[in-house]
>>> print(open('structure.cif').read())   # mmCIF, C-alpha atoms
data_model
#
loop_
_atom_site.label_atom_id
_atom_site.label_comp_id
_atom_site.auth_asym_id
_atom_site.auth_seq_id
_atom_site.Cartn_x
_atom_site.Cartn_y
_atom_site.Cartn_z
CA MET M 1 39.84 -61.47 59.92
CA LYS M 2 42.91 -63.63 59.89
CA THR M 3 45.06 -63.70 56.80
CA ASP M 4 44.45 -67.43 56.39
CA GLU M 5 40.72 -66.83 56.29
CA LEU M 6 41.14 -64.11 53.71
CA VAL M 7 43.24 -66.44 51.55
CA THR M 8 40.58 -69.15 51.81
CA LEU M 9 37.89 -66.66 50.89
CA LEU M 10 39.78 -65.27 47.91
CA ALA M 11 40.71 -68.76 46.70
CA THR M 12 37.04 -69.54 46.17
CA ARG M 13 36.96 -66.70 43.67
CA ALA M 14 39.52 -68.14 41.29
CA ALA M 15 38.21 -67.26 37.87
CA PRO M 16 39.29 -65.53 34.71
CA ALA M 17 39.89 -61.82 35.34
CA PRO M 18 37.84 -59.47 33.20
CA ARG M 19 39.68 -59.08 29.91
CA HIS M 20 40.48 -56.03 27.81
CA VAL M 21 39.58 -53.65 30.61
CA ALA M 22 42.13 -51.09 29.44
CA ALA M 23 40.94 -51.28 25.85
CA ARG M 24 37.33 -50.88 26.87
CA ARG M 25 37.94 -47.95 29.20
CA PHE M 26 40.12 -46.07 26.75
CA ALA M 27 37.83 -46.89 23.83
CA LEU M 28 35.22 -44.95 25.77
CA ALA M 29 37.37 -42.21 27.29
CA MET M 30 39.42 -41.25 24.21
CA PRO M 31 36.52 -40.52 21.80
CA LEU M 32 34.71 -38.78 24.63
CA ALA M 33 37.76 -36.61 25.37
CA ILE M 34 38.21 -35.69 21.71
CA ALA M 35 34.51 -34.99 21.15
CA ALA M 36 34.25 -32.86 24.29
CA ALA M 37 37.32 -30.81 23.38
CA MET M 38 35.96 -30.27 19.85
CA ALA M 39 32.51 -29.26 21.08
CA LEU M 40 33.97 -26.90 23.66
CA MET M 41 36.29 -25.37 21.03
CA ARG M 42 33.34 -24.75 18.66
CA GLY M 43 31.16 -23.37 21.42
CA LEU M 44 33.72 -21.11 23.07
CA TYR M 45 36.03 -19.99 20.27
CA GLY M 46 34.59 -21.19 16.96
CA ILE M 47 36.33 -22.88 14.04
CA ARG M 48 38.47 -20.40 12.15
CA PRO M 49 36.46 -19.06 9.19
CA ASP M 50 39.27 -19.54 6.67
CA LEU M 51 39.75 -23.22 7.51
CA ALA M 52 39.16 -24.30 3.92
CA VAL M 53 41.93 -21.95 2.74
CA VAL M 54 44.56 -22.79 5.36
CA ALA M 55 43.86 -26.50 4.96
CA GLY M 56 45.88 -26.18 1.77
CA GLN M 57 48.98 -25.04 3.65
CA PRO M 58 51.58 -27.51 4.88
CA LEU M 59 52.10 -25.44 8.06
CA PHE M 60 48.49 -26.05 9.09
CA TRP M 61 49.03 -29.80 8.82
CA ALA M 62 52.43 -29.66 10.50
CA ARG M 63 50.73 -28.15 13.53
CA LEU M 64 48.05 -30.85 13.58
CA VAL M 65 50.67 -33.57 13.18
CA PHE M 66 52.55 -32.17 16.18
CA ALA M 67 49.42 -32.23 18.36
CA ALA M 68 48.47 -35.70 17.13
CA ALA M 69 51.99 -37.05 17.69
CA MET M 70 51.96 -35.70 21.24
CA SER M 71 48.59 -37.37 21.83
CA VAL M 72 49.79 -40.75 20.60
CA GLY M 73 53.05 -40.49 22.54
CA ALA M 74 51.26 -39.44 25.73
CA LEU M 75 48.66 -42.20 25.33
CA ILE M 76 51.39 -44.84 25.19
CA VAL M 77 53.06 -43.43 28.31
CA VAL M 78 49.70 -43.26 30.11
CA LEU M 79 48.86 -46.86 29.24
CA ARG M 80 52.13 -47.96 30.81
CA LEU M 81 51.86 -45.84 33.92
CA ALA M 82 48.24 -46.87 34.40
CA ARG M 83 49.20 -50.46 35.27
CA PRO M 84 51.29 -51.76 38.15
CA GLY M 85 54.88 -52.66 37.46
CA ARG M 86 55.30 -51.56 33.87
CA ARG M 87 58.28 -49.49 32.82
CA VAL M 88 57.88 -46.44 30.64
CA ALA M 89 61.51 -46.51 29.50
CA ALA M 90 61.87 -45.78 25.78
CA ALA M 91 58.22 -44.73 25.51
CA TRP M 92 59.21 -41.36 27.01
CA TRP M 93 60.70 -40.56 23.62
CA GLY M 94 57.18 -40.57 22.19
CA VAL M 95 56.47 -37.32 24.03
CA ALA M 96 60.01 -35.94 24.10
CA ALA M 97 60.72 -36.29 20.37
CA PRO M 98 57.85 -34.13 19.01
CA VAL M 99 58.71 -31.33 21.45
CA LEU M 100 62.42 -31.51 20.63
CA VAL M 101 61.74 -31.44 16.89
CA LEU M 102 59.39 -28.48 17.30
CA TRP M 103 61.89 -26.60 19.44
CA ALA M 104 64.71 -27.29 16.99
CA ALA M 105 62.55 -25.98 14.13
CA ALA M 106 61.60 -22.90 16.16
CA ILE M 107 65.22 -22.11 16.99
CA GLY M 108 66.10 -22.53 13.35
CA VAL M 109 63.34 -20.14 12.26
CA LEU M 110 64.31 -17.51 14.85
CA TRP M 111 67.97 -17.84 13.86
CA TRP M 112 67.24 -17.02 10.23
CA LEU M 113 64.85 -14.19 10.89
CA PRO M 114 65.95 -10.57 11.22
CA ALA M 115 65.92 -9.46 14.84
CA GLU M 116 62.89 -7.21 14.53
CA SER M 117 60.53 -9.96 13.37
CA ARG M 118 61.48 -12.42 16.10
CA ALA M 119 59.16 -11.04 18.74
CA PRO M 120 56.08 -11.02 16.46
CA GLN M 121 56.81 -14.63 15.50
CA LEU M 122 57.05 -15.64 19.13
CA LEU M 123 54.08 -13.70 20.46
CA GLY M 124 51.67 -13.64 17.52
CA HIS M 125 48.38 -11.95 18.34
CA THR M 126 47.08 -14.35 20.93
CA TRP M 127 50.03 -15.30 23.10
CA SER M 128 48.27 -14.18 26.27
CA GLN M 129 45.28 -16.49 25.68
CA CYS M 130 46.67 -19.56 23.97
CA ALA M 131 47.84 -21.63 26.94
CA ALA M 132 44.77 -20.76 29.00
CA ASN M 133 42.46 -21.66 26.10
CA ILE M 134 44.08 -25.05 25.61
CA THR M 135 43.94 -25.72 29.33
CA LEU M 136 40.23 -24.89 29.42
CA LEU M 137 39.54 -27.23 26.48
CA SER M 138 41.38 -30.03 28.26
CA ILE M 139 39.14 -30.10 31.34
CA PRO M 140 36.45 -32.56 30.13
CA ALA M 141 39.19 -34.70 28.55
CA LEU M 142 40.99 -34.82 31.89
CA ALA M 143 37.87 -36.01 33.66
CA ALA M 144 37.30 -38.85 31.17
CA LEU M 145 40.96 -39.89 31.12
CA PHE M 146 41.41 -39.85 34.90
CA TRP M 147 38.43 -42.18 35.13
CA ALA M 148 39.99 -44.54 32.57
CA VAL M 149 43.39 -44.56 34.30
CA LYS M 150 42.06 -45.06 37.79
CA GLY M 151 40.41 -48.34 36.81
CA LEU M 152 43.78 -49.85 35.88
CA ALA M 153 45.32 -49.54 39.35
CA PRO M 154 48.17 -47.06 38.73
CA THR M 155 50.85 -47.21 41.40
CA ARG M 156 52.85 -44.05 40.65
CA LEU M 157 50.08 -41.56 41.06
CA ARG M 158 51.91 -38.28 40.54
CA LEU M 159 53.62 -39.40 37.36
CA ALA M 160 50.49 -41.13 36.04
CA GLY M 161 48.53 -37.95 36.78
CA ALA M 162 51.06 -35.82 34.93
CA ALA M 163 51.04 -38.10 31.88
CA THR M 164 47.23 -38.15 31.89
CA GLY M 165 47.19 -34.35 32.08
CA LEU M 166 49.63 -34.16 29.18
CA LEU M 167 47.41 -36.46 27.12
CA GLY M 168 44.38 -34.27 27.90
CA GLY M 169 46.37 -31.17 26.93
CA ALA M 170 47.53 -32.77 23.66
CA ILE M 171 43.96 -33.72 22.74
CA ALA M 172 42.79 -30.20 23.57
CA THR M 173 45.56 -28.87 21.33
CA ILE M 174 44.28 -30.94 18.40
CA ALA M 175 40.90 -29.24 18.83
CA TYR M 176 42.46 -25.82 19.33
CA CYS M 177 44.37 -26.16 16.04
CA LEU M 178 41.04 -25.79 14.22
CA HIS M 179 40.47 -22.42 15.84
CA CYS M 180 43.89 -20.91 16.39
CA PRO M 181 44.95 -18.26 13.86
CA GLU M 182 48.67 -18.44 14.73
CA MET M 183 50.76 -19.93 11.93
CA THR M 184 54.33 -19.54 13.14
CA VAL M 185 56.53 -22.32 14.46
CA PRO M 186 58.11 -20.28 17.30
CA PHE M 187 54.64 -19.44 18.62
CA TRP M 188 53.69 -23.12 18.82
CA ALA M 189 57.03 -23.99 20.36
CA VAL M 190 56.29 -21.72 23.32
CA TRP M 191 52.55 -21.42 23.73
CA TYR M 192 51.25 -24.80 22.56
CA VAL M 193 53.84 -26.53 24.66
CA SER M 194 52.82 -24.35 27.61
CA GLY M 195 49.18 -25.18 26.92
CA MET M 196 50.03 -28.86 27.30
CA ALA M 197 52.32 -28.29 30.26
CA VAL M 198 49.63 -26.63 32.38
CA PRO M 199 47.25 -29.64 32.29
CA ALA M 200 50.25 -31.91 32.86
CA LEU M 201 51.18 -29.95 35.98
CA ALA M 202 47.57 -29.96 37.12
CA GLY M 203 47.55 -33.74 36.58
CA ALA M 204 50.67 -34.11 38.71
CA VAL M 205 49.01 -32.17 41.51
CA LEU M 206 45.66 -33.97 41.23
CA GLY M 207 47.02 -37.47 40.53
CA PRO M 208 47.75 -38.52 44.13
CA ARG M 209 44.23 -37.50 45.14
CA LEU M 210 42.11 -38.48 42.15
CA LEU M 211 43.86 -41.69 41.15
CA ARG M 212 43.98 -43.36 44.55
CA TRP M 213 42.36 -46.78 44.66
CA MET E 214 71.65 -75.51 26.86
CA SER E 215 73.80 -73.24 28.94
CA GLY E 216 74.20 -70.28 26.60
CA ASP E 217 70.59 -69.29 27.01
CA ARG E 218 70.32 -69.73 30.75
CA PRO E 219 68.00 -66.95 31.82
CA LEU E 220 69.03 -66.02 35.23
CA GLU E 221 70.08 -62.43 34.97
CA ARG E 222 67.78 -61.67 37.82
CA SER E 223 68.68 -63.79 40.78
CA ASP E 224 68.10 -67.52 40.60
CA LEU E 225 65.75 -67.25 43.52
CA LEU E 226 63.60 -64.59 41.95
CA ALA E 227 63.43 -66.64 38.77
CA ARG E 228 62.21 -69.63 40.73
CA VAL E 229 59.56 -67.58 42.50
CA GLU E 230 58.50 -66.02 39.20
CA VAL E 231 57.92 -69.37 37.54
CA SER E 232 56.28 -70.86 40.58
CA LEU E 233 53.91 -67.94 41.05
CA SER E 234 53.04 -67.43 37.41
CA THR E 235 52.24 -71.09 36.80
CA ARG E 236 49.83 -71.07 39.73
CA PHE E 237 48.38 -67.72 38.79
CA GLN E 238 47.69 -68.94 35.28
CA LEU E 239 45.89 -72.02 36.61
CA ALA E 240 43.91 -69.80 38.96
CA GLN E 241 42.84 -67.68 36.02
CA ALA E 242 41.38 -70.84 34.53
CA GLY E 243 39.30 -71.32 37.67
CA ASP E 244 41.57 -73.65 39.66
CA ALA E 245 40.81 -72.74 43.29
CA ALA E 246 43.54 -74.96 44.75
CA ALA E 247 46.17 -73.32 42.56
CA TYR E 248 44.90 -69.88 43.54
CA ARG E 249 45.14 -70.85 47.19
CA ASP E 250 48.73 -72.02 46.71
CA PHE E 251 49.49 -68.80 44.89
CA LEU E 252 48.04 -66.61 47.64
CA GLU E 253 49.76 -68.60 50.37
CA GLU E 254 53.15 -68.46 48.73
CA LEU E 255 52.64 -64.76 48.13
CA SER E 256 51.57 -64.16 51.74
CA GLY E 257 54.79 -65.72 52.98
CA HIS E 258 56.90 -63.37 50.90
CA LEU E 259 54.80 -60.33 51.64
CA ARG E 260 54.80 -61.00 55.36
CA ALA E 261 58.58 -61.30 55.51
CA PHE E 262 59.00 -58.21 53.36
CA LEU E 263 56.56 -56.16 55.43
CA ARG E 264 58.04 -57.29 58.74
CA HIS E 265 61.41 -56.19 57.50
CA ARG E 266 60.10 -52.86 56.26
CA LEU E 267 57.86 -52.22 59.24
CA ALA E 268 60.17 -53.23 62.02
CA GLN E 269 58.82 -50.35 64.11
CA ALA E 270 55.18 -51.19 63.50
CA PRO E 271 54.85 -54.99 63.67
CA ASP E 272 51.17 -54.74 64.59
CA ASP E 273 50.35 -53.26 61.20
CA VAL E 274 51.98 -56.01 59.17
CA GLU E 275 48.94 -58.31 58.89
CA ASP E 276 46.64 -55.39 58.03
CA ILE E 277 48.80 -54.20 55.17
CA LEU E 278 49.36 -57.78 54.06
CA GLN E 279 45.62 -58.34 53.80
CA GLU E 280 45.09 -55.06 52.03
CA THR E 281 47.77 -55.99 49.53
CA LEU E 282 46.29 -59.45 48.91
CA LEU E 283 42.89 -57.87 48.33
CA ALA E 284 44.40 -55.29 46.00
CA ILE E 285 46.15 -58.02 44.04
CA HIS E 286 42.91 -59.96 43.76
CA ASN E 287 40.90 -56.91 42.74
CA SER E 288 43.49 -55.76 40.20
CA ARG E 289 43.93 -59.10 38.48
CA HIS E 290 42.63 -57.56 35.28
CA THR E 291 45.59 -55.15 35.14
CA TYR E 292 48.17 -57.94 34.89
CA ARG E 293 49.40 -58.75 31.42
CA SER E 294 50.99 -62.09 30.78
CA ASP E 295 53.82 -60.40 28.88
CA GLN E 296 55.31 -58.87 32.02
CA PRO E 297 57.01 -60.50 35.01
CA LEU E 298 54.39 -61.32 37.64
CA THR E 299 56.87 -60.50 40.41
CA ALA E 300 57.30 -56.94 39.10
CA TRP E 301 53.52 -56.50 39.01
CA VAL E 302 53.10 -57.81 42.55
CA TYR E 303 55.96 -55.68 43.84
CA ALA E 304 54.45 -52.51 42.35
CA ILE E 305 51.16 -53.18 44.14
CA ALA E 306 52.84 -54.08 47.44
CA ARG E 307 55.00 -50.97 47.22
CA TYR E 308 51.93 -48.85 46.52
CA LYS E 309 50.08 -50.19 49.56
CA LEU E 310 53.13 -49.74 51.77
CA MET E 311 53.68 -46.17 50.53
CA ASP E 312 50.04 -45.48 51.29
CA PHE E 313 50.59 -46.65 54.86
CA TYR E 314 53.77 -44.60 55.27
CA ARG E 315 52.00 -41.52 53.96
CA HIS E 316 49.09 -41.96 56.32
CA HIS E 317 51.34 -42.36 59.29
CA ALA E 318 53.77 -39.67 58.25
CA ARG E 319 56.62 -42.12 58.26
CA ARG E 320 59.73 -41.53 56.25
CA GLY E 321 60.18 -45.09 55.04
CA ALA E 322 58.57 -44.12 51.74
CA LEU E 323 61.71 -42.23 50.85
CA ASN E 324 63.80 -45.35 50.53
CA LEU E 325 61.29 -47.65 48.91
CA PRO E 326 62.83 -48.32 45.50
CA LEU E 327 60.70 -48.36 42.37
CA GLU E 328 61.77 -51.77 41.16
CA ALA E 329 62.99 -54.18 43.77
CA ALA E 330 61.01 -57.37 43.30
CA ASP E 331 64.10 -59.29 44.37
CA GLU E 332 63.91 -57.70 47.80
CA LEU E 333 60.26 -58.60 48.18
CA PHE E 334 60.79 -62.20 47.16
CA ALA E 335 64.14 -62.78 48.81
CA ARG E 336 62.55 -63.98 52.04
CA SER E 337 59.49 -65.91 52.99
CA ASP E 338 57.85 -66.47 56.32
CA THR E 339 56.33 -69.76 55.29
CA GLU E 340 59.16 -71.36 53.30
CA PRO E 341 56.65 -72.87 50.93
CA MET E 342 56.76 -75.80 48.56
CA GLN E 343 59.18 -74.15 46.15
CA ALA E 344 62.08 -76.02 47.72
CA ARG E 345 60.52 -79.34 46.89
CA HIS E 346 61.23 -79.18 43.21
CA ASP E 347 63.92 -77.60 41.16
CA ILE E 348 62.15 -75.24 38.81
CA GLY E 349 65.31 -74.69 36.82
CA GLN E 350 65.41 -78.42 36.18
CA LEU E 351 61.77 -78.54 35.12
CA LEU E 352 62.31 -75.54 32.87
CA GLU E 353 65.15 -77.34 31.12
CA GLU E 354 62.80 -80.18 30.30
CA LEU E 355 60.52 -77.94 28.27
CA PRO E 356 60.94 -77.71 24.51
CA ALA E 357 62.77 -74.57 23.36
CA ARG E 358 59.62 -73.00 21.91
CA HIS E 359 58.18 -72.93 25.43
CA ARG E 360 61.35 -72.51 27.46
CA LEU E 361 62.84 -69.54 25.61
CA PRO E 362 59.73 -67.33 25.76
CA ILE E 363 59.37 -68.01 29.50
CA MET E 364 63.01 -67.26 30.17
CA HIS E 365 63.12 -64.01 28.25
CA VAL E 366 59.68 -62.59 28.98
CA LYS E 367 59.04 -63.82 32.50
CA LEU E 368 62.51 -64.14 33.95
CA ARG E 369 64.48 -61.44 32.18
CA GLY E 370 61.59 -59.04 31.78
CA LEU E 371 62.13 -58.49 28.05
CA SER E 372 59.21 -57.42 25.88
CA VAL E 373 57.50 -59.83 23.51
CA ALA E 374 58.97 -57.95 20.56
CA GLU E 375 62.52 -58.14 21.93
CA THR E 376 62.10 -61.82 22.65
CA ALA E 377 60.84 -62.43 19.13
CA ARG E 378 63.87 -60.66 17.70
CA LEU E 379 66.27 -62.54 19.96
CA THR E 380 64.87 -66.00 19.31
CA GLY E 381 63.74 -65.61 15.73
CA MET E 382 60.23 -66.63 16.75
CA SER E 383 57.17 -64.64 15.73
CA GLU E 384 55.54 -62.45 18.37
CA SER E 385 52.43 -64.58 18.49
CA ALA E 386 54.58 -67.70 18.87
CA VAL E 387 56.29 -66.04 21.84
CA LYS E 388 52.96 -65.27 23.51
CA VAL E 389 51.65 -68.76 22.88
CA GLY E 390 54.95 -70.18 24.13
CA VAL E 391 54.68 -68.33 27.45
CA HIS E 392 51.12 -69.45 27.95
CA ARG E 393 51.54 -73.11 26.97
CA GLY E 394 54.94 -73.31 28.67
CA LEU E 395 53.55 -72.14 32.00
CA LYS E 396 50.72 -74.62 31.67
CA ALA E 397 53.16 -77.45 30.99
CA LEU E 398 55.32 -76.34 33.94
CA ALA E 399 52.30 -76.29 36.21
CA LEU E 400 51.56 -79.90 35.30
CA LYS E 401 55.17 -80.88 35.94
CA ILE E 402 55.09 -79.13 39.32
CA ARG E 403 51.86 -80.90 40.16
CA SER E 404 53.27 -84.31 39.42
CA ALA E 405 56.55 -83.52 41.18
CA THR E 406 54.88 -82.64 44.48
#
>>> encode(input="structure.cif", output="structure tokens")
Amino acid sequence: MKTDELVTLLATRAAPAPRHVAARRFALAMPLAIAAAMALMRGLYGIRPDLAVVAGQPLFWARLVFAAAMSVGALIVVLRLARPGRRVAAAWWGVAAPVLVLWAAAIGVLWWLPAESRAPQLLGHTWSQCAANITLLSIPALAALFWAVKGLAPTRLRLAGAATGLLGGAIATIAYCLHCPEMTVPFWAVWYVSGMAVPALAGAVLGPRLLRW
Amino acid sequence: MSGDRPLERSDLLARVEVSLSTRFQLAQAGDAAAYRDFLEELSGHLRAFLRHRLAQAPDDVEDILQETLLAIHNSRHTYRSDQPLTAWVYAIARYKLMDFYRHHARRGALNLPLEAADELFARSDTEPMQARHDIGQLLEELPARHRLPIMHVKLRGLSVAETARLTGMSESAVKVGVHRGLKALALKIRSAT
């Protein structure tokens, strides 16, 4: 076909583009991702039995706030990277700031602690499982979110994949907070962040393949 | 009215931006002739850009051009009127070109900048109607409530919020200003040609 013919053909299809496509896709994918992570968390690990007790502790909520802040920050970055020609710019702070605050708090805690209690604070009882558990919980979320992003014609696939993976990891972390028995800031600073970093890396690897359009 | 002249991006790019976005907006309302003009003007720029970038593979230019036009048509829903249309088009053209480079194991992808709409729109292989009217002139004729939102959002690439802060307008007034302003410009362009 000649380009002129293509132009003529396309011109006959002048019409309003479908509206609110992003809103509709994410309104489906986000609840699905959260529900799937929650269901998987209950099925595989179970909600911690003392939830009612720890719900009275500020540390429990601090942890949830961190995971929720990462989710919101990552969602904003994803929404920008999902569309052609939009800059992320200052929106990167939405994911950088929660991590920096958490790390600063963790360094502060470790600084004040006597040397012999630093390692227990960092490793807790579940350090060897935490990141893997979060990654596992993020898998259905990743599937739903990759579908949502692909429909918006992302043009920087690796970066969009990484941000989508991070969002999936952050959502999985919200769910994991309801199971995880670890209540120390240094533990979260290392293992929760790792648990989000693994899906983000996976997203960066998968992005160029799964997000192509 | 010189203090608020927009043209931080090149004058040329600004002209293309206004010309393309007015037509695109009409096309969104179902105006086939405007959509045709839009696609033709775009083809001219894309062809020149691709010829320049694919000097070693001139036979592939029309293929990639058509793929890009199709991609632009099929991704219309991802464009938001609060971003420069030229930046959106460039991102899609760059994506299609990168795809080609990757498939053919060419190294051109390495020096394809992320944001370079001015390179894409600097040339045209059709030299379209844009020369017939002075868009800057027509823009000056618009009332400030239309002109300022277009200049800041479309030409300088500022966000709606930044534009609202800069002009003292409300955010919804900025959005309405862009939309109505482009419509008014389209009518002026129509009657000028």
>>> atom_distance(input="structure.cif", atom1="CA of Ala202 (chain M)", atom2="CA of Arg83 (chain M)")
20.6 Å
>>> residues_near_point(input="structure.cif", point="(42.3, -64.4, 54.3)", cutoff="12 Å", atoms="only C-alpha atoms", output="PyMOL selection string")
(chain M and resi 1-12) or (chain E and resi 249+252-253+256+275-276+278-283+286)
>>> closest_residue(input="structure.cif", among="M:Thr155, M:Gln121, M:Asn133, M:Thr126", to="Lys309 (chain E)", atoms="only C-alpha atoms")
M:Thr155
>>> interface_residues(input="structure.cif", of="chain M", to="chain E", cutoff="12 Å", atoms="only C-alpha atoms", output="ChimeraX atom specification")
/M:1-24,79-87,89-90,149-157,208-209,212-213
>>> residues_around(input="structure.cif", residues="Ala374 (chain E)", least_positions_apart="2", cutoff="12 Å", atoms="all atoms listed in the file", output="ChimeraX atom specification")
/E:295,362,365-366,370-372,376-388
>>> atom_distance(input="structure.cif", atom1="CA of Ala261 (chain E)", atom2="CA of Arg336 (chain E)")
5.9 Å
>>> atom_distance(input="structure.cif", atom1="CA of Leu40 (chain M)", atom2="CA of Gly203 (chain M)")
20.0 Å
>>> residues_around(input="structure.cif", residues="Ala204 (chain M)", least_positions_apart="5", cutoff="8 Å", atoms="only C-alpha atoms", output="list in words")
Leu157, Arg158, Leu159, Ala160, Gly161, Ala162, Ala163 and Gly165 of chain M
>>> residues_near_point(input="structure.cif", point="(38.4, -37.4, 30.5)", cutoff="9 Å", atoms="all atoms listed in the file", output="PyMOL selection string")
chain M and resi 29-30+32-34+36+138-148+164+168
